[in-house]
file model.cif (mmCIF, C-alpha atoms)
data_model
#
loop_
_atom_site.label_atom_id
_atom_site.label_comp_id
_atom_site.auth_asym_id
_atom_site.auth_seq_id
_atom_site.Cartn_x
_atom_site.Cartn_y
_atom_site.Cartn_z
CA MET A 1224 -58.33 2.60 60.49
CA LYS A 1225 -55.56 -0.04 60.64
CA ARG A 1226 -56.01 -0.56 64.37
CA PHE A 1227 -59.64 -1.72 63.79
CA PHE A 1228 -58.78 -4.03 60.91
CA ILE A 1229 -57.42 -7.04 62.89
CA PRO A 1230 -60.08 -6.98 65.64
CA GLY A 1231 -62.75 -6.56 62.96
CA LEU A 1232 -61.36 -9.50 61.00
CA VAL A 1233 -61.29 -11.67 64.15
CA LEU A 1234 -64.87 -10.66 64.93
CA ALA A 1235 -65.99 -11.48 61.38
CA VAL A 1236 -64.32 -14.92 61.44
CA THR A 1237 -65.82 -15.66 64.86
CA LEU A 1238 -69.34 -14.68 63.77
CA GLY A 1239 -68.94 -16.63 60.54
CA SER A 1240 -67.90 -19.74 62.51
CA VAL A 1241 -70.87 -19.37 64.84
CA LEU A 1242 -73.21 -19.29 61.85
CA ILE A 1243 -71.56 -21.94 59.65
CA LEU A 1244 -70.60 -24.71 62.14
CA PRO A 1245 -74.16 -25.50 63.33
CA ALA A 1246 -75.30 -25.71 59.70
CA LEU A 1247 -72.49 -28.17 58.91
CA TYR A 1248 -73.35 -30.23 62.01
CA HIS A 1249 -77.01 -30.39 61.00
CA ALA A 1250 -76.15 -31.37 57.42
CA GLU A 1251 -73.82 -34.18 58.58
CA HIS A 1252 -76.43 -35.68 60.93
CA THR A 1253 -79.17 -35.43 58.31
CA PHE A 1254 -76.97 -37.33 55.86
CA ALA A 1255 -76.18 -40.00 58.49
CA ARG A 1256 -79.90 -40.50 59.26
CA GLU A 1257 -80.73 -40.78 55.56
CA SER A 1258 -78.01 -43.38 54.95
CA ARG A 1259 -79.24 -45.49 57.90
CA ALA A 1260 -82.83 -45.27 56.60
CA LEU A 1261 -81.61 -46.28 53.15
CA ALA A 1262 -79.93 -49.36 54.65
CA ALA A 1263 -83.26 -50.50 56.07
CA PHE A 1264 -84.77 -50.54 52.59
CA HIS A 1265 -81.72 -52.05 50.90
CA PRO A 1266 -80.55 -54.77 53.28
CA GLN A 1267 -77.87 -56.00 50.91
CA SER A 1268 -75.89 -52.84 51.63
CA GLY A 1269 -76.28 -53.13 55.43
CA TRP A 1270 -73.79 -52.09 58.03
CA THR A 1271 -70.08 -52.55 57.70
CA LEU A 1272 -69.10 -53.00 61.33
CA ASP A 1273 -65.99 -51.44 62.78
CA ASN A 1274 -64.96 -50.15 66.19
CA ALA A 1275 -66.31 -46.69 65.38
CA ASN A 1276 -69.93 -47.74 64.70
CA ILE A 1277 -70.46 -50.97 66.65
CA VAL A 1278 -72.22 -49.26 69.56
CA ASP A 1279 -74.65 -47.43 67.26
CA ALA A 1280 -75.28 -50.58 65.25
CA LEU A 1281 -76.09 -52.77 68.25
CA ASP A 1282 -78.05 -50.00 69.95
CA SER A 1283 -80.46 -50.05 67.01
CA LEU A 1284 -81.50 -53.66 67.78
CA PRO A 1285 -84.78 -54.28 69.64
CA LEU A 1286 -83.16 -56.41 72.37
CA THR A 1287 -84.89 -57.00 75.70
CA LEU A 1288 -81.76 -58.36 77.36
CA PRO A 1289 -78.99 -55.86 78.06
CA ILE A 1290 -75.66 -56.24 76.33
CA ARG A 1291 -72.95 -56.80 78.93
CA LYS A 1292 -69.92 -56.81 76.66
CA VAL A 1293 -69.08 -56.48 72.95
CA GLU A 1294 -65.85 -57.11 71.09
CA TRP A 1295 -65.05 -56.78 67.40
CA GLU A 1296 -61.91 -58.28 65.92
CA SER A 1297 -61.01 -59.78 62.55
CA ARG A 1298 -64.59 -60.22 61.31
CA VAL A 1299 -65.61 -61.93 64.57
CA LEU A 1300 -68.27 -60.31 66.76
CA THR A 1301 -68.37 -61.36 70.42
CA VAL A 1302 -71.50 -60.43 72.37
CA ASP A 1303 -72.37 -61.19 75.99
CA LEU A 1304 -76.04 -60.80 76.90
CA LYS A 1305 -76.96 -60.34 80.54
CA VAL A 1306 -79.76 -62.17 82.35
CA ALA A 1307 -80.28 -60.25 85.57
CA THR A 1308 -83.81 -61.27 86.55
CA PRO A 1309 -85.36 -64.70 87.07
CA GLU A 1310 -88.45 -63.64 85.06
CA VAL A 1311 -86.63 -63.98 81.73
CA SER A 1312 -88.25 -66.68 79.59
CA VAL A 1313 -86.61 -69.10 77.18
CA SER A 1314 -88.56 -67.64 74.26
CA GLU A 1315 -87.29 -64.14 75.16
CA ILE A 1316 -83.72 -65.47 75.19
CA TYR A 1317 -84.21 -67.19 71.81
CA SER A 1318 -85.73 -63.99 70.41
CA ASN A 1319 -82.69 -61.94 71.50
CA ILE A 1320 -80.32 -64.52 70.02
CA ALA A 1321 -82.27 -64.43 66.74
CA GLU A 1322 -82.10 -60.61 66.64
CA ILE A 1323 -78.32 -60.57 67.07
CA LEU A 1324 -77.74 -63.34 64.53
CA THR A 1325 -80.11 -61.83 61.98
CA PHE A 1326 -78.51 -58.41 62.33
CA SER A 1327 -74.99 -59.82 62.14
CA PHE A 1328 -75.45 -62.06 59.14
CA ASP A 1329 -78.32 -60.44 57.22
CA GLY A 1330 -77.72 -56.82 58.19
CA THR A 1331 -73.94 -56.53 57.92
CA SER A 1332 -71.48 -57.23 55.19
CA ASN A 1333 -68.42 -58.12 57.23
CA VAL A 1334 -69.39 -60.34 60.19
CA ASP A 1335 -68.28 -63.90 59.49
CA GLN A 1336 -68.63 -65.35 62.99
CA ILE A 1337 -70.58 -64.65 66.18
CA LEU A 1338 -69.43 -65.75 69.59
CA LEU A 1339 -72.50 -65.28 71.73
CA ARG A 1340 -72.68 -65.87 75.47
CA LEU A 1341 -75.59 -65.61 77.84
CA VAL A 1342 -74.44 -64.64 81.33
CA ALA A 1343 -76.53 -64.70 84.51
CA GLU A 1344 -75.66 -61.93 86.93
CA ASP A 1345 -76.49 -61.95 90.60
CA LYS A 1346 -76.60 -58.32 91.77
CA TRP A 1347 -76.65 -59.30 95.44
CA LEU A 1348 -73.54 -61.44 95.33
CA GLY A 1349 -71.84 -59.65 92.44
CA THR A 1350 -71.24 -62.94 90.63
CA ARG A 1351 -71.61 -63.96 86.99
CA HIS A 1352 -72.35 -67.42 85.64
CA LEU A 1353 -72.31 -68.66 82.06
CA LEU A 1354 -75.66 -70.08 80.92
CA LEU A 1355 -75.19 -70.62 77.18
CA ALA A 1356 -72.46 -70.17 74.62
CA ALA A 1357 -72.83 -70.30 70.85
CA ASP A 1358 -70.35 -70.10 67.99
CA VAL A 1359 -72.27 -69.39 64.79
CA ARG A 1360 -70.68 -68.80 61.41
CA ARG A 1361 -72.16 -66.94 58.46
CA THR A 1362 -71.82 -70.05 56.28
CA GLU A 1363 -74.08 -71.98 58.68
CA TRP A 1364 -76.75 -69.29 59.13
CA SER A 1365 -80.03 -69.72 57.30
CA PRO A 1366 -83.64 -68.53 57.47
CA GLU A 1367 -84.52 -71.99 58.78
CA LEU A 1368 -82.35 -71.44 61.86
CA LYS A 1369 -84.05 -68.12 62.52
CA GLN A 1370 -87.43 -69.81 62.13
CA ALA A 1371 -86.39 -72.62 64.50
CA LEU A 1372 -85.48 -70.06 67.17
CA GLY A 1373 -88.83 -68.35 66.72
CA GLU A 1374 -90.81 -71.57 66.87
CA ALA A 1375 -88.99 -73.14 69.84
CA GLY A 1376 -91.12 -71.21 72.33
CA GLU A 1377 -90.30 -72.34 75.84
CA GLY A 1378 -89.04 -75.75 74.72
CA PRO A 1379 -85.50 -76.87 74.05
CA LEU A 1380 -83.89 -76.50 70.65
CA ALA A 1381 -83.59 -79.59 68.48
CA ASP A 1382 -80.23 -81.34 68.60
CA ASP A 1383 -79.43 -80.53 64.96
CA ILE A 1384 -80.05 -76.81 65.64
CA LYS A 1385 -77.81 -76.96 68.72
CA ALA A 1386 -75.13 -78.61 66.60
CA ARG A 1387 -75.34 -75.92 63.88
CA PHE A 1388 -75.11 -73.19 66.55
CA HIS A 1389 -72.25 -75.05 68.25
CA LEU A 1390 -74.34 -74.44 71.35
CA THR A 1391 -73.00 -75.26 74.78
CA GLU A 1392 -75.49 -75.40 77.63
CA THR A 1393 -74.24 -75.24 81.20
CA LYS A 1394 -75.75 -77.15 84.11
CA LEU A 1395 -77.19 -73.85 85.35
CA TRP A 1396 -79.03 -73.41 82.01
CA ARG A 1397 -80.41 -76.93 82.13
CA ASP A 1398 -81.48 -76.56 85.77
CA ARG A 1399 -83.20 -73.21 85.20
CA PHE A 1400 -84.48 -73.23 81.62
CA ASP A 1401 -84.67 -76.77 80.21
CA PRO A 1402 -88.16 -78.23 80.81
CA GLN A 1403 -87.00 -81.77 80.02
CA GLU A 1404 -84.43 -81.64 82.80
CA ASN A 1405 -86.91 -80.15 85.27
CA GLY A 1406 -89.92 -82.28 84.41
#
call {"tool": "encode", "arguments": {"input": "model.cif", "output": "structure tokens"}}
result
Amino acid sequence: MKRFFIPGLVLAVTLGSVLILPALYHAEHTFARESRALAAFHPQSGWTLDNANIVDALDSLPLTLPIRKVEWESRVLTVDLKVATPEVSVSEIYSNIAEILTFSFDGTSNVDQILLRLVAEDKWLGTRHLLLAADVRRTEWSPELKQALGEAGEGPLADDIKARFHLTETKLWRDRFDPQENG
């Protein structure tokens, strides 16, 4: 009888693990889904960004431009968006910028500053060129800025909006996207 005790115990522990671990996995993911759904209805709680959840948080955004690079350090979020096709419109770019800023300042509790860059990539040559750079702080963000991005359409942003975004436009941006420069 003693010679069957240890193998029987090992078999029982193994079978118990096979039955219990999937149930624990399912329970953990159900809880995570419920807490994310709760955050959507209670925006004041929002995300608390850290290196462990930044990919999931940004993946939830309805962006049409791909994210090229993300960094998170000392309450500063750095995001590079990639423009890989010439069909991208100014309004699409402004919409993506608005999504990132709204998420960062309205949907999180610990982002104080966004460093946002728009980078054009040429697949054929393997080169990257900076189009726009913005340095936006939580203290400067407002619903009016979001509205201004939404209403700009294909036109340029007003100078006061550019100043509040600390927006830098490169010559490439002005040549490709600024109708005043091209008209």
call {"tool": "resolve_selection", "arguments": {"input": "model.cif", "expression": "the PyMOL selection byres ((chain A and resi 1365-1368) around 10)", "output": "number ranges by chain"}}
result
A: 1321, 1324-1325, 1328-1329, 1361-1364, 1369-1374, 1384-1385, 1387-1388
call {"tool": "closest_residue", "arguments": {"input": "model.cif", "among": "A:Ile1316, A:Ala1307, A:Val1293, A:Ala1375", "to": "Thr1350 of chain A", "atoms": "only C-alpha atoms"}}
result
A:Ala1307
call {"tool": "resolve_selection", "arguments": {"input": "model.cif", "expression": "the PyMOL selection byres ((chain A and resi 1339-1343) around 8)", "output": "ChimeraX atom specification"}}
result
/A:1301-1307,1337-1338,1344-1345,1351-1358
call {"tool": "closest_residue", "arguments": {"input": "model.cif", "among": "A:Arg1298, A:Gln1336, A:Asn1319, A:Phe1400", "to": "Gly1378 of chain A", "atoms": "only C-alpha atoms"}}
result
A:Phe1400
call {"tool": "atom_distance", "arguments": {"input": "model.cif", "atom1": "atom CA of Arg1360 of chain A", "atom2": "atom CA of Thr1308 of chain A"}}
result
29.3 Å
call {"tool": "atom_distance", "arguments": {"input": "model.cif", "atom1": "atom CA of Leu1288 of chain A", "atom2": "atom CA of Glu1315 of chain A"}}
result
8.3 Å
call {"tool": "atom_distance", "arguments": {"input": "model.cif", "atom1": "atom CA of Leu1284 of chain A", "atom2": "atom CA of Trp1347 of chain A"}}
result
28.6 Å
call {"tool": "closest_residue", "arguments": {"input": "model.cif", "among": "A:Ala1386, A:Val1334, A:Ile1229, A:Val1313", "to": "Ile1277 of chain A", "atoms": "only C-alpha atoms"}}
result
A:Val1334
call {"tool": "closest_residue", "arguments": {"input": "model.cif", "among": "A:Leu1300, A:Leu1380, A:Asp1401, A:Gly1231", "to": "Phe1326 of chain A", "atoms": "only C-alpha atoms"}}
result
A:Leu1300
